[in-house]
$ cat run33.cif   # mmCIF, N, CA and C atoms
data_query
loop_
_atom_site.label_atom_id
_atom_site.label_comp_id
_atom_site.auth_asym_id
_atom_site.auth_seq_id
_atom_site.Cartn_x
_atom_site.Cartn_y
_atom_site.Cartn_z
N MET A 1 0.83 -1.19 0.00
CA MET A 1 0.00 0.00 0.00
C MET A 1 0.87 1.25 0.00
N PRO A 2 0.42 2.27 -0.68
CA PRO A 2 1.22 3.50 -0.77
C PRO A 2 1.40 4.19 0.58
N GLU A 3 0.46 4.01 1.51
CA GLU A 3 0.55 4.72 2.79
C GLU A 3 1.80 4.36 3.57
N LYS A 4 2.31 3.14 3.38
CA LYS A 4 3.48 2.72 4.15
C LYS A 4 4.74 3.48 3.70
N ASN A 5 4.71 4.06 2.50
CA ASN A 5 5.85 4.82 2.00
C ASN A 5 5.83 6.28 2.41
N TRP A 6 4.74 6.74 3.00
CA TRP A 6 4.61 8.16 3.34
C TRP A 6 5.71 8.68 4.26
N PRO A 7 6.04 7.99 5.37
CA PRO A 7 7.09 8.56 6.24
C PRO A 7 8.42 8.75 5.51
N ALA A 8 8.81 7.77 4.72
CA ALA A 8 10.07 7.89 3.98
C ALA A 8 9.99 9.01 2.94
N ALA A 9 8.85 9.12 2.27
CA ALA A 9 8.67 10.17 1.27
C ALA A 9 8.69 11.55 1.93
N LEU A 10 8.05 11.68 3.09
CA LEU A 10 8.05 12.97 3.79
C LEU A 10 9.47 13.36 4.20
N ASP A 11 10.25 12.40 4.69
CA ASP A 11 11.64 12.68 5.05
C ASP A 11 12.43 13.14 3.82
N LYS A 12 12.20 12.46 2.70
CA LYS A 12 12.88 12.81 1.45
C LYS A 12 12.51 14.23 1.02
N TYR A 13 11.22 14.56 1.09
CA TYR A 13 10.77 15.90 0.70
C TYR A 13 11.35 16.98 1.61
N GLU A 14 11.44 16.68 2.91
CA GLU A 14 12.01 17.66 3.84
C GLU A 14 13.48 17.91 3.51
N GLN A 15 14.22 16.85 3.18
CA GLN A 15 15.62 17.01 2.80
C GLN A 15 15.75 17.86 1.53
N GLN A 16 14.87 17.59 0.55
CA GLN A 16 14.91 18.36 -0.69
C GLN A 16 14.58 19.83 -0.44
N GLU A 17 13.63 20.09 0.44
CA GLU A 17 13.29 21.49 0.76
C GLU A 17 14.46 22.19 1.44
N LYS A 18 15.22 21.48 2.27
CA LYS A 18 16.40 22.07 2.90
C LYS A 18 17.44 22.42 1.86
N ILE A 19 17.62 21.54 0.87
CA ILE A 19 18.60 21.80 -0.19
C ILE A 19 18.19 23.02 -1.01
N ILE A 20 16.92 23.09 -1.37
CA ILE A 20 16.42 24.18 -2.22
C ILE A 20 16.44 25.50 -1.47
N GLY A 21 16.03 25.50 -0.21
CA GLY A 21 15.99 26.74 0.57
C GLY A 21 14.87 27.65 0.08
N THR A 22 15.03 28.94 0.29
CA THR A 22 13.98 29.90 -0.06
C THR A 22 14.22 30.61 -1.37
N HIS A 23 15.43 30.51 -1.94
CA HIS A 23 15.76 31.28 -3.14
C HIS A 23 15.76 30.46 -4.42
N ARG A 24 15.40 29.19 -4.34
CA ARG A 24 15.38 28.34 -5.54
C ARG A 24 14.03 27.65 -5.64
N SER A 25 13.73 27.17 -6.85
CA SER A 25 12.47 26.46 -7.04
C SER A 25 12.68 24.99 -7.38
N SER A 26 13.95 24.58 -7.57
CA SER A 26 14.21 23.19 -7.94
C SER A 26 15.67 22.84 -7.67
N CYS A 27 15.96 21.55 -7.75
CA CYS A 27 17.34 21.08 -7.69
C CYS A 27 17.43 19.75 -8.42
N SER A 28 18.62 19.39 -8.82
CA SER A 28 18.85 18.17 -9.57
C SER A 28 19.23 17.03 -8.62
N LYS A 29 18.79 15.82 -8.94
CA LYS A 29 19.17 14.66 -8.13
C LYS A 29 20.65 14.35 -8.31
N THR A 30 21.19 14.59 -9.49
CA THR A 30 22.59 14.27 -9.76
C THR A 30 23.54 15.38 -9.31
N ASP A 31 23.05 16.61 -9.23
CA ASP A 31 23.85 17.75 -8.76
C ASP A 31 22.94 18.65 -7.93
N PRO A 32 22.85 18.40 -6.63
CA PRO A 32 21.91 19.16 -5.79
C PRO A 32 22.13 20.67 -5.80
N ASP A 33 23.32 21.13 -6.16
CA ASP A 33 23.57 22.57 -6.21
C ASP A 33 23.01 23.21 -7.47
N ALA A 34 22.75 22.41 -8.50
CA ALA A 34 22.23 22.93 -9.77
C ALA A 34 20.73 23.16 -9.67
N THR A 35 20.24 24.08 -10.48
CA THR A 35 18.81 24.39 -10.57
C THR A 35 18.36 24.06 -11.98
N PHE A 36 17.13 23.57 -12.12
CA PHE A 36 16.61 23.27 -13.46
C PHE A 36 16.31 24.57 -14.19
N MET A 37 16.83 24.68 -15.41
CA MET A 37 16.66 25.89 -16.21
C MET A 37 16.38 25.51 -17.66
N ARG A 38 15.68 26.39 -18.35
CA ARG A 38 15.47 26.21 -19.79
C ARG A 38 16.72 26.69 -20.51
N MET A 39 17.20 25.88 -21.42
CA MET A 39 18.42 26.21 -22.16
C MET A 39 18.07 26.89 -23.48
N LYS A 40 18.93 27.76 -23.94
CA LYS A 40 18.71 28.39 -25.23
C LYS A 40 18.82 27.37 -26.35
N GLU A 41 19.70 26.41 -26.18
CA GLU A 41 19.80 25.34 -27.18
C GLU A 41 18.84 24.23 -26.77
N ASP A 42 17.82 24.05 -27.54
CA ASP A 42 16.79 23.05 -27.27
C ASP A 42 16.55 22.32 -28.58
N HIS A 43 17.39 21.35 -28.89
CA HIS A 43 17.36 20.69 -30.19
C HIS A 43 16.02 20.01 -30.47
N LEU A 44 15.41 19.48 -29.43
CA LEU A 44 14.12 18.81 -29.62
C LEU A 44 12.95 19.78 -29.60
N ARG A 45 13.21 21.00 -29.18
CA ARG A 45 12.19 22.06 -29.09
C ARG A 45 10.98 21.63 -28.27
N ASN A 46 11.28 20.97 -27.15
CA ASN A 46 10.19 20.53 -26.27
C ASN A 46 10.21 21.24 -24.93
N GLY A 47 11.01 22.28 -24.80
CA GLY A 47 11.03 23.05 -23.56
C GLY A 47 11.61 22.30 -22.39
N GLN A 48 12.46 21.34 -22.67
CA GLN A 48 13.02 20.51 -21.61
C GLN A 48 13.89 21.33 -20.67
N LEU A 49 13.75 21.05 -19.38
CA LEU A 49 14.57 21.69 -18.37
C LEU A 49 15.80 20.83 -18.11
N LYS A 50 16.94 21.49 -17.86
CA LYS A 50 18.17 20.76 -17.57
C LYS A 50 18.82 21.37 -16.33
N PRO A 51 19.52 20.55 -15.54
CA PRO A 51 20.24 21.11 -14.39
C PRO A 51 21.36 22.02 -14.87
N ALA A 52 21.45 23.20 -14.28
CA ALA A 52 22.43 24.18 -14.77
C ALA A 52 22.73 25.23 -13.71
N TYR A 53 23.67 26.08 -14.04
CA TYR A 53 24.03 27.24 -13.23
C TYR A 53 23.95 28.47 -14.13
N ASN A 54 23.67 29.61 -13.55
CA ASN A 54 23.67 30.86 -14.28
C ASN A 54 25.03 31.52 -14.04
N VAL A 55 25.86 31.60 -15.06
CA VAL A 55 27.20 32.14 -14.95
C VAL A 55 27.17 33.62 -15.34
N GLN A 56 27.71 34.46 -14.48
CA GLN A 56 27.83 35.88 -14.76
C GLN A 56 29.31 36.21 -14.92
N ILE A 57 29.63 37.00 -15.94
CA ILE A 57 31.03 37.34 -16.22
C ILE A 57 31.14 38.85 -16.39
N SER A 58 32.12 39.43 -15.72
CA SER A 58 32.45 40.85 -15.89
C SER A 58 33.72 40.95 -16.72
N THR A 59 33.72 41.89 -17.64
CA THR A 59 34.91 42.10 -18.46
C THR A 59 35.40 43.53 -18.34
N ASN A 60 36.67 43.71 -18.62
CA ASN A 60 37.28 45.03 -18.66
C ASN A 60 38.24 45.04 -19.83
N ASN A 61 37.99 45.89 -20.82
CA ASN A 61 38.81 45.92 -22.03
C ASN A 61 38.90 44.54 -22.68
N GLN A 62 37.80 43.85 -22.72
CA GLN A 62 37.64 42.54 -23.34
C GLN A 62 38.36 41.41 -22.61
N TYR A 63 38.85 41.65 -21.40
CA TYR A 63 39.43 40.60 -20.57
C TYR A 63 38.44 40.25 -19.46
N ILE A 64 38.35 38.98 -19.12
CA ILE A 64 37.48 38.57 -18.02
C ILE A 64 38.08 39.08 -16.72
N ALA A 65 37.32 39.88 -16.00
CA ALA A 65 37.78 40.44 -14.73
C ALA A 65 37.29 39.61 -13.56
N SER A 66 36.05 39.11 -13.65
CA SER A 66 35.52 38.27 -12.58
C SER A 66 34.34 37.47 -13.11
N TYR A 67 33.99 36.44 -12.36
CA TYR A 67 32.83 35.62 -12.71
C TYR A 67 32.16 35.16 -11.42
N SER A 68 30.91 34.77 -11.54
CA SER A 68 30.18 34.21 -10.39
C SER A 68 29.15 33.22 -10.91
N LEU A 69 28.86 32.23 -10.08
CA LEU A 69 27.86 31.20 -10.39
C LEU A 69 26.64 31.44 -9.53
N HIS A 70 25.45 31.29 -10.15
CA HIS A 70 24.21 31.54 -9.43
C HIS A 70 23.23 30.40 -9.66
N GLN A 71 22.35 30.20 -8.69
CA GLN A 71 21.36 29.14 -8.77
C GLN A 71 20.01 29.65 -9.23
N THR A 72 19.93 30.90 -9.63
CA THR A 72 18.69 31.46 -10.15
C THR A 72 18.76 31.51 -11.67
N SER A 73 17.64 31.26 -12.31
CA SER A 73 17.65 31.17 -13.77
C SER A 73 17.59 32.53 -14.46
N THR A 74 17.15 33.56 -13.78
CA THR A 74 17.05 34.88 -14.42
C THR A 74 18.21 35.77 -14.02
N ASP A 75 18.62 36.63 -14.93
CA ASP A 75 19.74 37.54 -14.66
C ASP A 75 19.37 38.67 -13.72
N THR A 76 18.09 39.02 -13.64
CA THR A 76 17.69 40.17 -12.82
C THR A 76 18.13 40.02 -11.37
N ASN A 77 18.15 38.79 -10.87
CA ASN A 77 18.48 38.56 -9.46
C ASN A 77 19.96 38.27 -9.23
N THR A 78 20.81 38.41 -10.24
CA THR A 78 22.22 38.07 -10.07
C THR A 78 23.14 39.28 -10.04
N LEU A 79 22.70 40.41 -10.54
CA LEU A 79 23.59 41.57 -10.70
C LEU A 79 24.21 42.03 -9.38
N ILE A 80 23.41 42.22 -8.37
CA ILE A 80 23.90 42.76 -7.09
C ILE A 80 24.88 41.79 -6.45
N ASP A 81 24.53 40.50 -6.39
CA ASP A 81 25.45 39.51 -5.80
C ASP A 81 26.75 39.43 -6.58
N HIS A 82 26.65 39.46 -7.91
CA HIS A 82 27.85 39.39 -8.74
C HIS A 82 28.77 40.60 -8.49
N LEU A 83 28.18 41.78 -8.48
CA LEU A 83 29.00 42.97 -8.27
C LEU A 83 29.56 43.04 -6.84
N ASN A 84 28.78 42.59 -5.86
CA ASN A 84 29.30 42.54 -4.49
C ASN A 84 30.51 41.62 -4.39
N GLN A 85 30.45 40.47 -5.07
CA GLN A 85 31.58 39.55 -5.09
C GLN A 85 32.79 40.20 -5.76
N HIS A 86 32.53 40.90 -6.86
CA HIS A 86 33.60 41.61 -7.57
C HIS A 86 34.25 42.65 -6.66
N ILE A 87 33.44 43.41 -5.95
CA ILE A 87 33.95 44.46 -5.06
C ILE A 87 34.77 43.83 -3.93
N ARG A 88 34.29 42.72 -3.35
CA ARG A 88 35.05 42.04 -2.29
C ARG A 88 36.40 41.53 -2.81
N SER A 89 36.40 41.00 -4.01
CA SER A 89 37.63 40.42 -4.58
C SER A 89 38.68 41.49 -4.89
N PHE A 90 38.25 42.62 -5.45
CA PHE A 90 39.18 43.64 -5.91
C PHE A 90 39.30 44.84 -4.97
N LYS A 91 38.49 44.85 -3.94
CA LYS A 91 38.52 45.94 -2.94
C LYS A 91 38.23 47.30 -3.57
N GLN A 92 37.51 47.30 -4.68
CA GLN A 92 37.06 48.54 -5.31
C GLN A 92 35.86 48.23 -6.19
N LYS A 93 35.03 49.23 -6.36
CA LYS A 93 33.83 49.06 -7.20
C LYS A 93 34.12 49.55 -8.61
N PRO A 94 33.39 49.02 -9.57
CA PRO A 94 33.56 49.54 -10.93
C PRO A 94 32.98 50.95 -11.03
N ASN A 95 33.51 51.74 -11.95
CA ASN A 95 32.98 53.10 -12.16
C ASN A 95 31.66 53.06 -12.90
N ALA A 96 31.53 52.09 -13.82
CA ALA A 96 30.32 52.00 -14.65
C ALA A 96 30.03 50.53 -14.94
N VAL A 97 28.75 50.26 -15.20
CA VAL A 97 28.30 48.92 -15.56
C VAL A 97 27.46 49.03 -16.81
N THR A 98 27.77 48.20 -17.80
CA THR A 98 26.97 48.11 -19.01
C THR A 98 26.34 46.72 -19.03
N ALA A 99 25.02 46.66 -19.18
CA ALA A 99 24.33 45.37 -19.16
C ALA A 99 23.07 45.47 -20.01
N ASP A 100 22.59 44.31 -20.45
CA ASP A 100 21.39 44.31 -21.29
C ASP A 100 20.12 44.40 -20.43
N ALA A 101 18.99 44.37 -21.10
CA ALA A 101 17.70 44.58 -20.43
C ALA A 101 17.36 43.48 -19.43
N GLY A 102 18.04 42.35 -19.49
CA GLY A 102 17.81 41.28 -18.53
C GLY A 102 18.14 41.69 -17.10
N TYR A 103 18.89 42.76 -16.93
CA TYR A 103 19.29 43.25 -15.61
C TYR A 103 18.52 44.51 -15.21
N GLY A 104 17.62 44.96 -16.07
CA GLY A 104 16.95 46.24 -15.87
C GLY A 104 15.78 46.17 -14.92
N THR A 105 16.06 46.29 -13.62
CA THR A 105 15.00 46.34 -12.60
C THR A 105 15.21 47.56 -11.72
N GLU A 106 14.14 48.01 -11.10
CA GLU A 106 14.23 49.14 -10.18
C GLU A 106 15.23 48.86 -9.05
N GLN A 107 15.19 47.63 -8.52
CA GLN A 107 16.10 47.27 -7.44
C GLN A 107 17.56 47.39 -7.88
N ASN A 108 17.86 46.91 -9.08
CA ASN A 108 19.24 47.01 -9.58
C ASN A 108 19.64 48.44 -9.84
N TYR A 109 18.73 49.24 -10.43
CA TYR A 109 19.04 50.66 -10.68
C TYR A 109 19.30 51.39 -9.36
N GLN A 110 18.47 51.14 -8.37
CA GLN A 110 18.62 51.82 -7.08
C GLN A 110 19.93 51.43 -6.41
N TRP A 111 20.27 50.14 -6.44
CA TRP A 111 21.51 49.67 -5.84
C TRP A 111 22.71 50.32 -6.52
N LEU A 112 22.71 50.36 -7.86
CA LEU A 112 23.81 50.99 -8.60
C LEU A 112 23.91 52.48 -8.26
N GLU A 113 22.76 53.13 -8.17
CA GLU A 113 22.77 54.56 -7.83
C GLU A 113 23.31 54.76 -6.41
N ASP A 114 22.87 53.93 -5.46
CA ASP A 114 23.35 54.04 -4.08
C ASP A 114 24.86 53.83 -3.98
N LYS A 115 25.39 52.96 -4.83
CA LYS A 115 26.83 52.68 -4.83
C LYS A 115 27.61 53.68 -5.70
N ARG A 116 26.87 54.60 -6.32
CA ARG A 116 27.47 55.60 -7.22
C ARG A 116 28.23 54.94 -8.37
N ILE A 117 27.58 53.93 -8.94
CA ILE A 117 28.10 53.26 -10.13
C ILE A 117 27.24 53.70 -11.30
N THR A 118 27.86 54.26 -12.33
CA THR A 118 27.12 54.69 -13.50
C THR A 118 26.54 53.47 -14.21
N ALA A 119 25.24 53.50 -14.47
CA ALA A 119 24.55 52.35 -15.05
C ALA A 119 24.17 52.62 -16.49
N TYR A 120 24.66 51.78 -17.37
CA TYR A 120 24.22 51.77 -18.77
C TYR A 120 23.44 50.47 -18.95
N VAL A 121 22.23 50.47 -18.41
CA VAL A 121 21.40 49.26 -18.39
C VAL A 121 20.02 49.61 -18.92
N LYS A 122 19.64 48.99 -20.04
CA LYS A 122 18.31 49.23 -20.59
C LYS A 122 17.27 48.68 -19.61
N HIS A 123 16.15 49.37 -19.48
CA HIS A 123 15.08 48.78 -18.67
C HIS A 123 14.39 47.70 -19.48
N ASN A 124 13.74 46.79 -18.79
CA ASN A 124 13.24 45.58 -19.44
C ASN A 124 12.09 45.81 -20.42
N ARG A 125 11.52 46.98 -20.47
CA ARG A 125 10.45 47.25 -21.43
C ARG A 125 10.90 48.20 -22.55
N PHE A 126 12.18 48.49 -22.60
CA PHE A 126 12.71 49.45 -23.57
C PHE A 126 12.37 49.07 -25.01
N ASP A 127 12.66 47.84 -25.40
CA ASP A 127 12.42 47.43 -26.79
C ASP A 127 10.94 47.46 -27.13
N ARG A 128 10.09 47.02 -26.20
CA ARG A 128 8.64 47.05 -26.45
C ARG A 128 8.16 48.48 -26.64
N MET A 129 8.68 49.39 -25.81
CA MET A 129 8.26 50.79 -25.93
C MET A 129 8.77 51.38 -27.25
N GLN A 130 9.98 51.07 -27.65
CA GLN A 130 10.53 51.56 -28.91
C GLN A 130 9.69 51.07 -30.08
N ASN A 131 9.37 49.78 -30.07
CA ASN A 131 8.59 49.20 -31.17
C ASN A 131 7.18 49.77 -31.22
N SER A 132 6.57 50.00 -30.06
CA SER A 132 5.22 50.56 -30.07
C SER A 132 5.25 52.01 -30.55
N THR A 133 6.29 52.75 -30.22
CA THR A 133 6.44 54.13 -30.69
C THR A 133 6.60 54.16 -32.20
N ILE A 134 7.39 53.25 -32.73
CA ILE A 134 7.59 53.18 -34.19
C ILE A 134 6.28 52.85 -34.88
N ARG A 135 5.52 51.90 -34.32
CA ARG A 135 4.23 51.53 -34.92
C ARG A 135 3.26 52.71 -34.92
N GLU A 136 3.27 53.48 -33.82
CA GLU A 136 2.39 54.65 -33.73
C GLU A 136 2.78 55.67 -34.80
N LYS A 137 4.07 55.90 -34.99
CA LYS A 137 4.52 56.89 -35.98
C LYS A 137 4.14 56.44 -37.39
N VAL A 138 4.24 55.16 -37.65
CA VAL A 138 3.90 54.64 -38.98
C VAL A 138 2.40 54.75 -39.20
N ALA A 139 1.60 54.56 -38.18
CA ALA A 139 0.14 54.56 -38.33
C ALA A 139 -0.42 55.98 -38.54
N LEU A 140 0.34 56.99 -38.19
CA LEU A 140 -0.16 58.36 -38.35
C LEU A 140 -0.19 58.74 -39.83
N PRO A 141 -1.25 59.46 -40.24
CA PRO A 141 -1.35 59.88 -41.66
C PRO A 141 -0.36 60.96 -42.02
#

$ encode --input "run33.cif" --output "structure tokens"
Amino acid sequence: MPEKNWPAALDKYEQQEKIIGTHRSSCSKTDPDATFMRMKEDHLRNGQLKPAYNVQISTNNQYIASYSLHQTSTDTNTLIDHLNQHIRSFKQKPNAVTADAGYGTEQNYQWLEDKRITAYVKHNRFDRMQNSTIREKVALP
């Protein structure tokens, strides 16, 4: 009967919840530190999730200055931790940060402003707003 497996299953679930913690939504059985993420390369085009890490890399004059590994699948939640690690490693903050719209959140903008780091970061709705403005201009007689 399935009921006899409940105590063992509950123990297993509690262990998995401890591994995941509050900042992740999944983990891999083969690599508990990895989080399931959708990959850009999806040869079967079935939306399959794979265990992975989100790697962030900072460059300076086209040289890798620092990197960090994250267990979150979106870039929006990695910028502050990545830059804090960079600052701890080099004992100085960057003067400016250039990043794509994947990092464009109010929290990230505020943190960069508080640290007096010049931000060249598109907000996440920039392209949509640009495209809608172009469509409006084209539609006018």

$ residues_around --input "run33.cif" --residues "Ser68 in chain A" --least-positions-apart "2" --cutoff "6 Å" --atoms "all atoms listed in the file" --output "VMD selection string"
chain A and resid 54 to 57 66 70 82

$ resolve_selection --input "run33.cif" --expression "the PyMOL selection byres ((chain A and resi 117) around 8)" --output "list in words"
Lys93, Pro94, Asn95, Ala96, Val97, Trp111, Leu112, Glu113, Asp114, Lys115, Arg116, Thr118, Ala119 and Tyr120 of chain A

$ resolve_selection --input "run33.cif" --expression "the PyMOL selection byres ((chain A and resi 35) around 5)" --output "ChimeraX atom specification"
/A:26-27,33-34,36-37,51-52

$ resolve_selection --input "run33.cif" --expression "the PyMOL selection byres ((chain A and resi 99) around 5)" --output "VMD selection string"
chain A and resid 97 to 98 100 to 101 120 to 122

$ select_by_dssp --input "run33.cif" --residues "range 39-103 of chain A" --states "helix (DSSP H, G or I)" --output "ChimeraX atom specification"
/A:75-77,79-90,101-103

$ atom_distance --input "run33.cif" --atom1 "CA of Thr74 in chain A" --atom2 "CA of Gly102 in chain A"
7.6 Å

$ select_by_dssp --input "run33.cif" --residues "range 55-127 of chain A" --states "strand (DSSP E or B)" --output "PyMOL selection string"
chain A and resi 55-60+63-70+96-99+118-121

$ atom_distance --input "run33.cif" --atom1 "CA of Leu79 in chain A" --atom2 "CA of Tyr103 in chain A"
6.7 Å

$ atom_distance --input "run33.cif" --atom1 "CA of Ile87 in chain A" --atom2 "atom N of Tyr63 in chain A"
17.3 Å
